[in-house]
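**Student:** Okay, so here is entry.pdb, and as you'll see once you scroll down, it has PDB, C-alpha atoms (C1' of nucleotides).
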ATOM      1  CA  MET A 829     -12.502  -4.121 -16.464
ATOM      2  CA  ILE A 830      -9.489  -3.192 -14.409
ATOM      3  CA  ILE A 831     -10.061  -1.591 -11.063
ATOM      4  CA  LYS A 832      -7.594  -1.242  -8.283
ATOM      5  CA  LEU A 833      -9.406  -1.772  -5.006
ATOM      6  CA  PHE A 834      -7.983  -0.408  -1.791
ATOM      7  CA  ASP A 835      -7.920  -2.556   1.294
ATOM      8  CA  SER A 836     -10.930  -0.826   2.776
ATOM      9  CA  GLU A 837     -12.896  -1.328  -0.405
ATOM     10  CA  LEU A 838     -11.899  -4.944  -0.480
ATOM     11  CA  LYS A 839     -13.427  -5.414   2.939
ATOM     12  CA  VAL A 840     -16.764  -4.235   1.644
ATOM     13  CA  MET A 841     -16.556  -6.380  -1.461
ATOM     14  CA  GLU A 842     -15.716  -9.411   0.610
ATOM     15  CA  VAL A 843     -18.887  -9.002   2.585
ATOM     16  CA  LEU A 844     -20.860  -8.924  -0.637
ATOM     17  CA  TRP A 845     -19.063 -11.931  -2.043
ATOM     18  CA  GLU A 846     -19.629 -13.885   1.106
ATOM     19  CA  TYR A 847     -23.136 -12.840   2.035
ATOM     20  CA  GLY A 848     -24.531 -12.082  -1.407
ATOM     21  CA  ASP A 849     -26.373  -8.981  -2.530
ATOM     22  CA  THR A 850     -27.546  -7.005   0.432
ATOM     23  CA  THR A 851     -28.271  -3.545   1.806
ATOM     24  CA  ALA A 852     -25.749  -0.967   2.856
ATOM     25  CA  LYS A 853     -27.250  -1.151   6.287
ATOM     26  CA  ARG A 854     -26.514  -4.845   6.510
ATOM     27  CA  ILE A 855     -22.964  -4.393   5.277
ATOM     28  CA  ALA A 856     -22.454  -1.751   7.908
ATOM     29  CA  GLU A 857     -23.712  -4.081  10.597
ATOM     30  CA  ILE A 858     -21.445  -6.866   9.500
ATOM     31  CA  LEU A 859     -18.352  -4.688   9.313
ATOM     32  CA  LYS A 860     -19.191  -3.074  12.594
ATOM     33  CA  GLU A 861     -19.163  -6.522  14.070
ATOM     34  CA  GLN A 862     -16.193  -7.875  12.125
ATOM     35  CA  VAL A 863     -13.753  -4.975  12.229
ATOM     36  CA  GLY A 864     -15.393  -2.323  14.354
ATOM     37  CA  TRP A 865     -16.106   0.122  11.577
ATOM     38  CA  SER A 866     -18.521   2.928  12.230
ATOM     39  CA  LYS A 867     -21.593   3.037  10.039
ATOM     40  CA  THR A 868     -20.279   6.154   8.375
ATOM     41  CA  THR A 869     -17.042   4.513   7.371
ATOM     42  CA  THR A 870     -18.862   1.719   5.663
ATOM     43  CA  TYR A 871     -21.130   4.093   3.757
ATOM     44  CA  THR A 872     -18.170   6.173   2.654
ATOM     45  CA  VAL A 873     -16.373   3.141   1.331
ATOM     46  CA  ILE A 874     -19.476   1.749  -0.367
ATOM     47  CA  LYS A 875     -19.819   5.068  -2.141
ATOM     48  CA  LYS A 876     -16.268   4.830  -3.415
ATOM     49  CA  CYS A 877     -16.967   1.348  -4.675
ATOM     50  CA  ILE A 878     -20.028   2.563  -6.529
ATOM     51  CA  GLU A 879     -18.096   5.438  -8.085
ATOM     52  CA  LYS A 880     -15.435   2.996  -9.175
ATOM     53  CA  GLY A 881     -17.970   0.679 -10.701
ATOM     54  CA  ALA A 882     -17.308  -2.156  -8.313
ATOM     55  CA  ILE A 883     -20.800  -2.071  -6.845
ATOM     56  CA  GLU A 884     -24.131  -1.090  -8.275
ATOM     57  CA  ARG A 885     -27.193  -0.169  -6.312
ATOM     58  CA  LYS A 886     -30.509  -0.031  -8.056
ATOM     59  CA  ASP A 887     -34.017   0.727  -6.934
ATOM     60  CA  PRO A 888     -36.302  -0.232  -5.459
ATOM     61  CA  ASN A 889     -34.619  -1.831  -2.486
ATOM     62  CA  TYR A 890     -31.216  -0.227  -2.670
ATOM     63  CA  ILE A 891     -29.595  -3.577  -2.650
ATOM     64  CA  CYS A 892     -25.851  -3.492  -3.202
ATOM     65  CA  ARG A 893     -24.655  -5.846  -5.866
ATOM     66  CA  PRO A 894     -21.013  -6.505  -6.738
ATOM     67  CA  LEU A 895     -20.075  -5.828 -10.334
ATOM     68  CA  ILE A 896     -16.769  -7.601 -10.125
ATOM     69  CA  THR A 897     -16.014 -11.034  -8.867
ATOM     70  CA  LYS A 898     -13.521 -12.112  -6.303
ATOM     71  CA  GLU A 899     -11.776 -14.037  -9.061
ATOM     72  CA  GLN A 900     -11.224 -10.843 -11.027
ATOM     73  CA  VAL A 901      -9.656  -9.158  -8.067
ATOM     74  CA  GLN A 902      -7.549 -12.176  -7.303
ATOM     75  CA  GLU A 903      -6.289 -12.159 -10.857
ATOM     76  CA  PHE A 904      -5.514  -8.482 -10.737
ATOM     77  CA  GLU A 905      -3.659  -8.637  -7.451
ATOM     78  CA  THR A 906      -1.766 -11.674  -8.603
ATOM     79  CA  SER A 907      -0.700  -9.933 -11.781
ATOM     80  CA  GLU A 908       0.546  -7.029  -9.742
ATOM     81  CA  LEU A 909       2.625  -9.344  -7.603
ATOM     82  CA  ILE A 910       4.037 -11.130 -10.611
ATOM     83  CA  ASN A 911       5.041  -7.868 -12.217
ATOM     84  CA  LYS A 912       6.445  -6.436  -9.041
ATOM     85  CA  MET A 913       8.336  -9.430  -7.738
ATOM     86  CA  TYR A 914       8.785 -11.984 -10.502
ATOM     87  CA  ASP A 915       9.658  -9.942 -13.563
ATOM     88  CA  GLY A 916       6.262 -10.640 -15.016
ATOM     89  CA  ALA A 917       6.849 -14.354 -15.236
ATOM     90  CA  ALA A 918       3.992 -16.279 -13.691
ATOM     91  CA  ASP A 919       5.832 -19.549 -13.722
ATOM     92  CA  GLN A 920       8.572 -18.104 -11.567
ATOM     93  CA  LEU A 921       5.960 -17.481  -8.924
ATOM     94  CA  VAL A 922       4.820 -21.069  -9.024
ATOM     95  CA  ALA A 923       8.370 -22.332  -9.014
ATOM     96  CA  SER A 924       9.061 -20.223  -5.973
ATOM     97  CA  LEU A 925       6.025 -21.639  -4.229
ATOM     98  CA  LEU A 926       7.066 -25.192  -4.916
ATOM     99  CA  ASP A 927      10.506 -24.292  -3.747
ATOM    100  CA  SER A 928       9.531 -22.627  -0.520
ATOM    101  CA  ARG A 929       7.550 -25.605   0.698
ATOM    102  CA  LYS A 930       4.530 -23.453   1.195
ATOM    103  CA  LEU A 931       2.459 -26.207  -0.309
ATOM    104  CA  SER A 932       1.411 -29.248   1.655
ATOM    105  CA  SER A 933       1.773 -32.636   0.024
ATOM    106  CA  GLN A 934      -1.970 -32.787  -0.428
ATOM    107  CA  GLU A 935      -1.900 -29.465  -2.209
ATOM    108  CA  ILE A 936       0.914 -30.640  -4.394
ATOM    109  CA  GLU A 937      -1.001 -33.763  -5.285
ATOM    110  CA  ARG A 938      -4.003 -31.696  -6.199
ATOM    111  CA  LEU A 939      -1.912 -29.432  -8.359
ATOM    112  CA  LYS A 940      -0.179 -32.289 -10.003
ATOM    113  CA  LYS A 941      -3.562 -33.593 -11.020
ATOM    114  CA  LEU A 942      -4.696 -30.174 -12.134
ATOM    115  CA  ILE A 943      -1.695 -29.522 -14.275
ATOM    116  CA  ASN A 944      -1.510 -32.968 -15.805
ATOM    117  CA  ASP A 945      -5.168 -32.881 -16.708
ATOM    118  CA  LEU A 946      -4.739 -29.589 -18.455
ATOM    119  CA  GLU A 947      -5.827 -29.018 -22.031
TER
ATOM    120  CA  MET B 526      13.649 -12.933   9.458
ATOM    121  CA  ILE B 527      10.471 -11.189   8.479
ATOM    122  CA  ILE B 528      10.695  -7.661   7.208
ATOM    123  CA  LYS B 529       8.088  -5.765   5.326
ATOM    124  CA  LEU B 530       9.811  -3.649   2.705
ATOM    125  CA  PHE B 531       8.084  -0.607   1.291
ATOM    126  CA  ASP B 532       8.139   0.020  -2.414
ATOM    127  CA  SER B 533      10.843   2.642  -2.087
ATOM    128  CA  GLU B 534      12.995   0.291  -0.066
ATOM    129  CA  LEU B 535      12.451  -2.413  -2.588
ATOM    130  CA  LYS B 536      13.884  -0.156  -5.270
ATOM    131  CA  VAL B 537      17.109   0.158  -3.343
ATOM    132  CA  MET B 538      17.291  -3.546  -2.649
ATOM    133  CA  GLU B 539      16.739  -4.325  -6.278
ATOM    134  CA  VAL B 540      19.748  -2.276  -7.219
ATOM    135  CA  LEU B 541      21.835  -4.229  -4.752
ATOM    136  CA  TRP B 542      20.516  -7.548  -5.961
ATOM    137  CA  GLU B 543      21.182  -6.638  -9.533
ATOM    138  CA  TYR B 544      24.489  -4.830  -9.260
ATOM    139  CA  GLY B 545      25.898  -6.547  -6.210
ATOM    140  CA  ASP B 546      27.411  -4.910  -3.129
ATOM    141  CA  THR B 547      28.187  -1.298  -3.799
ATOM    142  CA  THR B 548      28.401   2.170  -2.325
ATOM    143  CA  ALA B 549      25.524   4.424  -1.422
ATOM    144  CA  LYS B 550      26.869   6.868  -3.926
ATOM    145  CA  ARG B 551      26.615   4.339  -6.708
ATOM    146  CA  ILE B 552      23.087   3.344  -5.701
ATOM    147  CA  ALA B 553      22.123   6.986  -5.748
ATOM    148  CA  GLU B 554      23.549   7.387  -9.226
ATOM    149  CA  ILE B 555      21.685   4.378 -10.505
ATOM    150  CA  LEU B 556      18.376   5.399  -9.027
ATOM    151  CA  LYS B 557      18.854   8.937 -10.187
ATOM    152  CA  GLU B 558      19.168   7.547 -13.650
ATOM    153  CA  GLN B 559      16.492   4.880 -13.375
ATOM    154  CA  VAL B 560      13.718   6.674 -11.547
ATOM    155  CA  GLY B 561      14.894  10.233 -11.128
ATOM    156  CA  TRP B 562      15.437  10.101  -7.392
ATOM    157  CA  SER B 563      17.443  12.831  -5.763
ATOM    158  CA  LYS B 564      20.586  11.768  -3.968
ATOM    159  CA  THR B 565      18.965  12.617  -0.672
ATOM    160  CA  THR B 566      16.012  10.356  -1.262
ATOM    161  CA  THR B 567      18.248   7.420  -1.922
ATOM    162  CA  TYR B 568      20.292   8.036   1.201
ATOM    163  CA  THR B 569      17.150   8.362   3.290
ATOM    164  CA  VAL B 570      15.803   5.080   2.023
ATOM    165  CA  ILE B 571      19.120   3.288   2.435
ATOM    166  CA  LYS B 572      19.137   4.430   6.034
ATOM    167  CA  LYS B 573      15.698   2.957   6.576
ATOM    168  CA  CYS B 574      16.890  -0.309   5.082
ATOM    169  CA  ILE B 575      19.842  -0.381   7.439
ATOM    170  CA  GLU B 576      17.641   0.318  10.445
ATOM    171  CA  LYS B 577      15.346  -2.471   9.366
ATOM    172  CA  GLY B 578      18.205  -4.871   8.974
ATOM    173  CA  ALA B 579      17.810  -5.284   5.254
ATOM    174  CA  ILE B 580      21.201  -3.766   4.462
ATOM    175  CA  GLU B 581      24.449  -3.662   6.346
ATOM    176  CA  ARG B 582      27.274  -1.258   5.776
ATOM    177  CA  LYS B 583      30.628  -1.951   7.308
ATOM    178  CA  ASP B 584      33.927  -0.161   7.253
ATOM    179  CA  PRO B 585      36.226   0.521   5.674
ATOM    180  CA  ASN B 586      34.636   1.164   2.338
ATOM    181  CA  TYR B 587      31.065   1.727   3.391
ATOM    182  CA  ILE B 588      29.923  -0.825   0.932
ATOM    183  CA  CYS B 589      26.211  -1.611   1.141
ATOM    184  CA  ARG B 590      25.447  -5.274   1.342
ATOM    185  CA  PRO B 591      21.974  -6.783   1.301
ATOM    186  CA  LEU B 592      21.115  -8.951   4.280
ATOM    187  CA  ILE B 593      18.061 -10.433   2.709
ATOM    188  CA  THR B 594      17.670 -12.082  -0.634
ATOM    189  CA  LYS B 595      15.223 -11.345  -3.350
ATOM    190  CA  GLU B 596      13.838 -14.827  -2.828
ATOM    191  CA  GLN B 597      12.996 -14.035   0.776
ATOM    192  CA  VAL B 598      11.109 -10.951  -0.231
ATOM    193  CA  GLN B 599       9.342 -12.797  -3.000
ATOM    194  CA  GLU B 600       8.257 -15.408  -0.507
ATOM    195  CA  PHE B 601       7.054 -12.823   1.934
ATOM    196  CA  GLU B 602       5.077 -10.863  -0.609
ATOM    197  CA  THR B 603       3.607 -14.028  -2.000
ATOM    198  CA  SER B 604       2.495 -15.134   1.440
ATOM    199  CA  GLU B 605       0.831 -11.813   1.940
ATOM    200  CA  LEU B 606      -1.065 -12.188  -1.290
ATOM    201  CA  ILE B 607      -2.126 -15.719  -0.446
ATOM    202  CA  ASN B 608      -3.418 -14.643   2.925
ATOM    203  CA  LYS B 609      -5.138 -11.575   1.600
ATOM    204  CA  MET B 610      -6.718 -12.984  -1.514
ATOM    205  CA  TYR B 611      -6.726 -16.775  -1.344
ATOM    206  CA  ASP B 612      -7.697 -17.566   2.251
ATOM    207  CA  GLY B 613      -4.189 -18.666   2.956
ATOM    208  CA  ALA B 614      -4.328 -21.538   0.491
ATOM    209  CA  ALA B 615      -1.343 -21.495  -1.802
ATOM    210  CA  ASP B 616      -2.769 -24.077  -4.150
ATOM    211  CA  GLN B 617      -5.753 -21.845  -4.831
ATOM    212  CA  LEU B 618      -3.371 -19.264  -6.159
ATOM    213  CA  VAL B 619      -1.801 -21.735  -8.519
ATOM    214  CA  ALA B 620      -5.174 -23.059  -9.581
ATOM    215  CA  SER B 621      -6.255 -19.523 -10.340
ATOM    216  CA  LEU B 622      -3.152 -18.957 -12.418
ATOM    217  CA  LEU B 623      -3.729 -22.083 -14.446
ATOM    218  CA  ASP B 624      -7.312 -21.060 -14.815
ATOM    219  CA  SER B 625      -6.703 -17.526 -15.945
ATOM    220  CA  ARG B 626      -4.436 -18.534 -18.789
ATOM    221  CA  LYS B 627      -1.704 -16.319 -17.486
ATOM    222  CA  LEU B 628       0.735 -19.079 -18.232
ATOM    223  CA  SER B 629       2.017 -19.796 -21.691
ATOM    224  CA  SER B 630       2.137 -23.382 -22.860
ATOM    225  CA  GLN B 631       5.894 -23.357 -22.489
ATOM    226  CA  GLU B 632       5.544 -22.217 -18.923
ATOM    227  CA  ILE B 633       2.993 -24.903 -18.258
ATOM    228  CA  GLU B 634       5.309 -27.516 -19.688
ATOM    229  CA  ARG B 635       8.086 -26.312 -17.480
ATOM    230  CA  LEU B 636       5.854 -26.442 -14.441
ATOM    231  CA  LYS B 637       4.560 -29.846 -15.307
ATOM    232  CA  LYS B 638       8.118 -31.050 -15.303
ATOM    233  CA  LEU B 639       8.894 -29.247 -12.087
ATOM    234  CA  ILE B 640       5.941 -30.627 -10.228
ATOM    235  CA  ASN B 641       6.239 -34.153 -11.489
ATOM    236  CA  ASP B 642       9.919 -34.271 -10.624
ATOM    237  CA  LEU B 643       9.184 -33.177  -7.101
ATOM    238  CA  GLU B 644      10.423 -35.146  -4.101
TER
ATOM    239  C1'  DT C1112      45.337  25.176   8.418
ATOM    240  C1'  DA C1113      41.812  27.235   5.262
ATOM    241  C1'  DT C1114      38.955  26.163   1.541
ATOM    242  C1'  DT C1115      36.358  23.341  -1.073
ATOM    243  C1'  DA C1116      33.933  19.204  -2.286
ATOM    244  C1'  DA C1117      31.677  14.965  -1.271
ATOM    245  C1'  DG C1118      28.908  12.149   1.867
ATOM    246  C1'  DT C1119      25.264  11.906   5.231
ATOM    247  C1'  DT C1120      21.632  13.190   8.268
ATOM    248  C1'  DC C1121      17.770  16.179   9.980
ATOM    249  C1'  DT C1122      13.743  17.813   9.264
ATOM    250  C1'  DA C1123       9.838  18.737   6.862
ATOM    251  C1'  DC C1124       6.409  18.747   3.261
ATOM    252  C1'  DC C1125       3.033  16.365   0.488
ATOM    253  C1'  DA C1126      -0.320  13.058  -1.221
ATOM    254  C1'  DG C1127      -3.402   9.630  -0.530
ATOM    255  C1'  DG C1128      -5.831   6.113   1.975
ATOM    256  C1'  DA C1129      -8.439   5.043   6.367
ATOM    257  C1'  DT C1130     -11.741   6.536   9.313
ATOM    258  C1'  DA C1131     -15.618   8.924  11.300
ATOM    259  C1'  DG C1132     -18.462  13.216  13.426
ATOM    260  C1'  DA C1133     -21.716  16.382  12.189
ATOM    261  C1'  DA C1134     -25.044  17.794   9.013
ATOM    262  C1'  DT C1135     -28.545  16.801   5.902
ATOM    263  C1'  DA C1136     -32.078  14.121   3.414
ATOM    264  C1'  DA C1137     -35.468  10.738   3.230
ATOM    265  C1'  DG C1138     -38.773   7.952   5.115
ATOM    266  C1'  DT C1139     -42.118   6.655   8.865
ATOM    267  C1'  DT C1140     -45.595   7.177  12.041
ATOM    268  C1'  DA C1141     -48.698   9.567  15.157
TER
ATOM    269  C1'  DT D1133     -48.208  17.933   8.927
ATOM    270  C1'  DA D1134     -45.183  17.456  12.988
ATOM    271  C1'  DA D1135     -42.057  14.626  15.381
ATOM    272  C1'  DC D1136     -39.001  11.295  15.053
ATOM    273  C1'  DT D1137     -36.064   7.763  13.207
ATOM    274  C1'  DT D1138     -33.076   6.003   9.758
ATOM    275  C1'  DA D1139     -30.111   6.463   5.626
ATOM    276  C1'  DT D1140     -26.677   9.071   3.306
ATOM    277  C1'  DT D1141     -23.407  12.547   2.292
ATOM    278  C1'  DC D1142     -20.015  16.321   3.409
ATOM    279  C1'  DT D1143     -16.195  17.446   5.304
ATOM    280  C1'  DA D1144     -12.363  16.881   8.029
ATOM    281  C1'  DT D1145      -8.716  14.612  10.672
ATOM    282  C1'  DC D1146      -5.149  11.316  11.232
ATOM    283  C1'  DC D1147      -1.454   8.510   9.779
ATOM    284  C1'  DT D1148       2.024   6.784   6.904
ATOM    285  C1'  DG D1149       4.944   6.261   3.056
ATOM    286  C1'  DG D1150       7.440   8.932  -0.603
ATOM    287  C1'  DT D1151      10.394  12.533  -1.503
ATOM    288  C1'  DA D1152      13.847  16.036  -1.043
ATOM    289  C1'  DG D1153      16.037  20.861   0.602
ATOM    290  C1'  DA D1154      19.018  22.586   3.813
ATOM    291  C1'  DA D1155      22.236  21.826   7.247
ATOM    292  C1'  DC D1156      25.932  19.447   8.964
ATOM    293  C1'  DT D1157      30.119  16.365   8.894
ATOM    294  C1'  DT D1158      33.913  14.328   6.991
ATOM    295  C1'  DA D1159      37.473  14.015   3.632
ATOM    296  C1'  DA D1160      40.459  16.058   0.264
ATOM    297  C1'  DT D1161      43.391  19.494  -1.365
ATOM    298  C1'  DA D1162      45.655  23.897  -1.920
TER
END
Could you quickly redo this structure as structure tokens?
**Tutor:**
Amino acid sequence: MIIKLFDSELKVMEVLWEYGDTTAKRIAEILKEQVGWSKTTTYTVIKKCIEKGAIERKDPNYICRPLITKEQVQEFETSELINKMYDGAADQLVASLLDSRKLSSQEIERLKKLINDLE
Amino acid sequence: MIIKLFDSELKVMEVLWEYGDTTAKRIAEILKEQVGWSKTTTYTVIKKCIEKGAIERKDPNYICRPLITKEQVQEFETSELINKMYDGAADQLVASLLDSRKLSSQEIERLKKLINDLE
DNA sequence: TATTAAGTTCTACCAGGATAGAATAAGTTA
DNA sequence: TAACTTATTCTATCCTGGTAGAACTTAATA
């Protein structure tokens, strides 16, 4: 399933991913605290997420449950970046990362292991 | 230098990166052809790029010259993604790429080489 | 120099995402 | 059931990026 989430929607999803299934009320409290959102804002955005199929809310307790994982969104956003900035070539992105020294030596070690252990 | 380029600005920059230094007129022609932009739109966006320091235009021929490279923008956009979606950890992004099978086996081979040859 | 054409800027409109106040619905308790 | 609280939606505003028409300026040419 491919859904483009806006930044505001992402904020709501992140609460769910971090805190697990919970009520709209609770999400509102958390976002009030974290980013100062009014209760209404949170409810509006939750509604959008439900309409988009990113959240479902079933009786009896009206618990909000994410229908997409953080990994799915990561993948989607990453694909967008690759298409927009790297001509669709994922390896160019990695090459650029290695190149730009954005990775610490520990990270590089970890990746080296990852990639060599592949398949 | 850190500049956030909007999508429209990126279009102009991409023309410069691809075609090399050239006149506003030429850029307008290309973007007219490529994406249907009116001449005015192109000029407006070029102006924004100049104000932002992404393009310079010097006498006598009013040639537009990019002041930032595609690589810089790639790096910037990639950083944004990493911060937004991967808690600032670049290696998580790479791990996710390996995981999601976005990379062909050729690409993986190439990366394996790249990473093992590092340092 | 007058006329025309090309280059550039000024200004404005439009769409969409972010945000929230007021209104309404639903649930609770006396 | 009335009074009150809490949950939810309706509607609207604001802001910003994308886009371009009209006006203006500069250059070319008759």
**Student:** Just the residues within 7 Å of segment 867-883 of chain A, please, counting only C-alpha atoms (C1' of nucleotides), with nothing from its chain fewer than 4 positions along; format it as an mmCIF file with C-alpha atoms (C1' of nucleotides), in the frame of the given file.
**Tutor:**
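Just written: selection27.cif:
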data_model
loop_
_atom_site.group_PDB
_atom_site.id
_atom_site.type_symbol
_atom_site.label_atom_id
_atom_site.label_comp_id
_atom_site.auth_asym_id
_atom_site.auth_seq_id
_atom_site.Cartn_x
_atom_site.Cartn_y
_atom_site.Cartn_z
ATOM 1 C CA SER A 836 -10.930 -0.826 2.776
ATOM 2 C CA GLU A 837 -12.896 -1.328 -0.405
ATOM 3 C CA VAL A 840 -16.764 -4.235 1.644
ATOM 4 C CA ALA A 852 -25.749 -0.967 2.856
ATOM 5 C CA ALA A 856 -22.454 -1.751 7.908
ATOM 6 C CA CYS A 892 -25.851 -3.492 -3.202
ATOM 7 C CA ARG A 893 -24.655 -5.846 -5.866
ATOM 8 C CA PRO A 894 -21.013 -6.505 -6.738
ATOM 9 C CA LEU A 895 -20.075 -5.828 -10.334
ATOM 10 C CA ILE A 896 -16.769 -7.601 -10.125
ATOM 11 C "C1'" DT C 1130 -11.741 6.536 9.313
ATOM 12 C "C1'" DA C 1131 -15.618 8.924 11.300
#
**Student:** Could you list, as a PyMOL selection string, every residue of chain D that has an atom within 12 Å of an atom of chain B, counting only C-alpha atoms (C1' of nucleotides)?
**Tutor:** chain D and resi 1148-1154
**Student:** Tell me as a PyMOL selection string which residues belonging to chain A come within 10 Å of chain B, counting all atoms listed in the file.
**Tutor:** chain A and resi 835+838+842+898-903+905-907+909-910+912-914+917-928+930-944+946-947
**Student:** Could you tell me, as a list in words, exactly which residues end up selected when the PyMOL selection byres ((chain C) within 9 of (chain B)) is applied to this structure?
**Tutor:** DG1118, DT1119 and DT1120 of chain C
**Student:** To one decimal place in Å, what is the distance between atom CA of Ile588 of chain B and atom C1' of DA1159 of chain D?
**Tutor:**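 Distance between the two atoms: 16.9 Å.
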**Student:** Could you pull out every residue with an atom within 10 Å of (-23.1, 13.3, 5.6), file coordinates, counting all atoms listed in the file, and send them as a ChimeraX atom specification?
**Tutor:** /A:868,871-872 /C:1132-1136 /D:1139-1143
**Student:** Hey, can you check how far atom CA of Asp546 of chain B sits from atom CA of Lys583 of chain B?
**Tutor:** 11.3 Å
**Student:** List the residues matched by the PyMOL selection byres ((chain C and resi 1115) around 9) in the displayed structure as an MDAnalysis selection string, ordered by chain and then by residue number.
**Tutor:** (chainID C and resid 1114 1116) or (chainID D and resid 1160:1161)
